[in-house]
file my_file29.txt (compact mmCIF, C-alpha atoms)
# COMPACT_ATOMS: atom_id res chain seq x y z
CA MET A 162 -119.37 27.43 -34.64
CA HIS A 163 -118.59 31.07 -35.41
CA ARG A 164 -118.32 31.88 -31.68
CA LYS A 165 -115.80 29.07 -31.18
CA LYS A 166 -113.57 30.50 -33.92
CA ILE A 167 -113.73 33.97 -32.41
CA ALA A 168 -113.00 32.61 -28.93
CA ALA A 169 -110.05 30.62 -30.27
CA ALA A 170 -108.67 33.67 -32.11
CA LEU A 171 -108.96 35.80 -28.97
CA ALA A 172 -107.24 33.14 -26.91
CA VAL A 173 -104.33 32.99 -29.36
CA ALA A 174 -104.06 36.80 -29.48
CA THR A 175 -104.08 37.04 -25.68
CA ALA A 176 -101.48 34.30 -25.27
CA THR A 177 -99.26 35.90 -27.90
CA SER A 178 -99.44 39.30 -26.22
CA LEU A 179 -98.51 37.74 -22.89
CA ILE A 180 -95.44 36.15 -24.46
CA ILE A 181 -94.29 39.14 -26.53
CA ALA A 182 -94.87 41.96 -24.01
CA PRO A 183 -92.45 40.71 -21.31
CA GLN A 184 -89.78 40.02 -23.93
CA ALA A 185 -90.10 43.55 -25.32
CA GLN A 186 -89.81 45.01 -21.83
CA ALA A 187 -86.86 42.75 -21.00
CA SER A 188 -85.07 43.81 -24.18
CA THR A 189 -85.16 47.41 -22.91
CA PHE A 190 -83.08 46.31 -19.94
CA ALA A 191 -80.79 44.18 -22.08
CA ALA A 192 -80.08 47.09 -24.47
CA GLN A 193 -78.56 49.29 -21.76
CA GLN A 194 -75.05 50.62 -22.12
CA ILE A 195 -72.89 50.93 -19.02
CA ASN A 196 -71.34 54.37 -18.62
CA TRP A 197 -67.83 53.42 -17.47
CA GLN A 198 -65.88 55.98 -15.43
CA LYS A 199 -63.02 56.16 -12.98
CA CYS A 200 -63.94 54.68 -9.62
CA THR A 201 -61.46 56.75 -7.63
CA ASP A 202 -58.58 59.17 -8.01
CA GLN A 203 -56.40 57.23 -5.57
CA PRO A 204 -53.00 56.14 -6.90
CA GLY A 205 -52.82 52.51 -7.97
CA PHE A 206 -56.42 52.36 -9.19
CA GLU A 207 -55.93 54.01 -12.60
CA ARG A 208 -57.11 50.92 -14.48
CA LEU A 209 -60.25 50.39 -12.38
CA GLN A 210 -63.55 51.53 -13.91
CA CYS A 211 -67.01 51.54 -12.34
CA GLY A 212 -70.52 51.68 -13.72
CA GLN A 213 -74.05 50.58 -13.04
CA PHE A 214 -77.12 49.21 -14.78
CA THR A 215 -80.76 48.67 -13.93
CA ALA A 216 -82.41 45.26 -13.92
CA PRO A 217 -85.94 44.11 -13.12
CA MET A 218 -86.44 42.50 -9.74
CA ASP A 219 -88.47 39.77 -11.48
CA TRP A 220 -87.43 38.83 -15.04
CA ASN A 221 -90.74 36.96 -15.44
CA HIS A 222 -92.56 40.28 -14.92
CA PRO A 223 -90.10 42.98 -16.07
CA GLY A 224 -92.79 45.61 -16.59
CA ASN A 225 -94.10 45.64 -13.01
CA GLY A 226 -91.94 48.68 -12.14
CA LYS A 227 -89.78 46.92 -9.55
CA THR A 228 -86.12 47.37 -10.46
CA ILE A 229 -82.71 47.19 -8.85
CA THR A 230 -79.53 49.11 -9.70
CA ILE A 231 -76.45 46.89 -9.86
CA ALA A 232 -72.96 48.35 -9.49
CA VAL A 233 -70.20 46.74 -11.56
CA SER A 234 -66.48 47.30 -12.01
CA ARG A 235 -63.80 46.21 -14.44
CA THR A 236 -60.07 46.50 -14.92
CA VAL A 237 -58.90 48.07 -18.16
CA PRO A 238 -56.05 46.24 -19.95
CA LEU A 239 -52.58 47.77 -19.71
CA ASN A 240 -52.42 48.39 -23.47
CA GLY A 241 -55.36 50.78 -23.64
CA GLN A 242 -59.01 51.42 -22.96
CA ALA A 243 -61.63 48.68 -22.85
CA LYS A 244 -64.25 48.70 -25.58

call {"tool": "encode", "arguments": {"input": "my_file29.txt", "output": "structure tokens"}}
result
Amino acid sequence: MHRKKIAAALAVATATSLIIAPQAQASTFAAQQINWQKCTDQPGFERLQCGQFTAPMDWNHPGNGKTITIAVSRTVPLNGQAK
């Protein structure tokens, strides 16, 4: 009986670690800030900003080391800088 309780406790602990670990690793990716900067110095593109962020190749296994860098851009409003 005692062995069954220990086995059940280990099973719960293992399952919990498998659920929590990927979420913790995924939150590292989600917490990134994009460093926005001018994309080009060409006239007519003053409002265009570019940046990039890193994402896991497989969100089900974010800690496997396989990532991709994604380039993004945005247009800043005429009345000022984007937040």

call {"tool": "residues_near_point", "arguments": {"input": "my_file29.txt", "point": "(-71.2, 56.2, -20.5)", "cutoff": "12 Å", "atoms": "all atoms listed in the file", "output": "compact mmCIF listing (two decimals) with C-alpha atoms, keeping the file's coordinate frame"}}
result
# COMPACT_ATOMS: atom_id res chain seq x y z
CA GLN A 193 -78.56 49.29 -21.76
CA GLN A 194 -75.05 50.62 -22.12
CA ILE A 195 -72.89 50.93 -19.02
CA ASN A 196 -71.34 54.37 -18.62
CA TRP A 197 -67.83 53.42 -17.47
CA GLN A 198 -65.88 55.98 -15.43
CA LYS A 199 -63.02 56.16 -12.98
CA GLN A 210 -63.55 51.53 -13.91
CA CYS A 211 -67.01 51.54 -12.34
CA GLY A 212 -70.52 51.68 -13.72
CA GLN A 213 -74.05 50.58 -13.04
CA PHE A 214 -77.12 49.21 -14.78
CA LYS A 244 -64.25 48.70 -25.58

call {"tool": "closest_residue", "arguments": {"input": "my_file29.txt", "among": "A:Trp220, A:Thr215, A:Arg208, A:Thr189", "to": "Ala232 in chain A", "atoms": "all atoms listed in the file"}}
result
A:Thr215

call {"tool": "closest_residue", "arguments": {"input": "my_file29.txt", "among": "A:Glu207, A:Ala192, A:Asp202, A:Asn225", "to": "Val237 in chain A", "atoms": "all atoms listed in the file"}}
result
A:Glu207

call {"tool": "atom_distance", "arguments": {"input": "my_file29.txt", "atom1": "CA of Ser188 in chain A", "atom2": "CA of Ile229 in chain A"}}
result
15.9 Å

call {"tool": "atom_distance", "arguments": {"input": "my_file29.txt", "atom1": "CA of Thr228 in chain A", "atom2": "CA of Thr201 in chain A"}}
result
26.5 Å

call {"tool": "atom_distance", "arguments": {"input": "my_file29.txt", "atom1": "CA of Pro217 in chain A", "atom2": "CA of Arg235 in chain A"}}
result
22.3 Å
